[in-house]
Amino acid sequence: SIASTLLTAKINARTQELLDESRKQSEILASQEIEARQNMEEMRSAQELAQRREADLSGIISAVDNTLMKGEYEVDGTLISANNRHLQTMGYQLKEIKGKSIEMFIPKDELEHFRKVWANVVAGNSRQLEVRRRTKTGEDLWLINQYTPVTDITGRISKVLYFAHDITRYKNSEEELLKKATASKIENEELKVKITKISDSNILPVPIDKDSSIFLDVVDSEFITFEITTDGKIVK
């Protein structure tokens, strides 16, 4: 009948609509799934990158701890923390210096200058200084100190990061070389005086001939003496 045919057609049309909607939803879900997979892949890559960076940073921090003295200070100079290198070099335990002022490490005759340096650092400027310090047991140390201000998320100076490199061995070697150079200079000056006295005496022929003049030039410049014959042959 006509009614039956119309009902069937209506049902078929509705079924087609449902099928079209289902297909569209399937396509949307498939697209969302692909996007989700891409997002997950990006997240995984980002996570791996973060882990690698964290590992690199951890390695750098470990290398720094093994090489340099490190400490963290409040802006008022109160010690927050110190690494083992710092403690071992200065001869302290952490409990002895934590919460104490950095000024405990500064000689009294340098306090005024250091306070100006510290004020400059907490104003936002990094400073590096070569200084002489003393350990807990009174041993002299030469250090290159680096003070770096650290800001928080608001840009405010929240603390000061301290690094130091122990250069005592190099400074001691430098001082030893300077002492030797000074001693050598004194010896050379004394030798010059002796040579001058010899040249003023009657030991050398008068008048001074060409060979003797050359001899004196060599003595004056090299501080090495020879006895030579008039024809230039070395006797001894």
# chains A, B, ... in the order shown; residues from 1 in each chain; ligands from 1
$ residues_around --residues "Glu103 (chain A)" --least-positions-apart "3" --cutoff "8 Å" --atoms "only C-alpha atoms" --output "list in words"
Gly77, Ile106 and Leu111 of chain A
$ residues_around --residues "region 154-162 of chain A" --least-positions-apart "6" --cutoff "12 Å" --atoms "only C-alpha atoms" --output "number ranges by chain"
A: 64-65, 68-83, 86, 102, 118-129, 143-148
$ atom_distance --atom1 "CA of Met104 (chain A)" --atom2 "CA of Asn172 (chain A)"
24.4 Å
$ atom_distance --atom1 "CA of Leu94 (chain A)" --atom2 "CA of Glu110 (chain A)"
24.2 Å
$ residues_around --residues "Pro107 (chain A)" --least-positions-apart "5" --cutoff "9 Å" --atoms "only C-alpha atoms" --output "list in words"
Arg132, Arg133 and Arg134 of chain A
$ select_by_dssp --residues "region 7-92 of chain A" --states "strand (DSSP E or B)" --output "VMD selection string"
chain A and resid 69 to 73 78 to 82
$ residues_around --residues "Trp142 (chain A)" --least-positions-apart "6" --cutoff "10 Å" --atoms "only C-alpha atoms" --output "ChimeraX atom specification"
/A:130-134,164-172
$ select_by_dssp --residues "region 23-232 of chain A" --states "helix (DSSP H, G or I)" --output "PyMOL selection string"
chain A and resi 23-67+84-90+94-97+102-105+108-122+168-200+210-222
$ closest_residue --among "A:Met90, A:Ala183, A:Ala36, A:Leu57" --to "Thr135 (chain A)" --atoms "only C-alpha atoms"
A:Met90
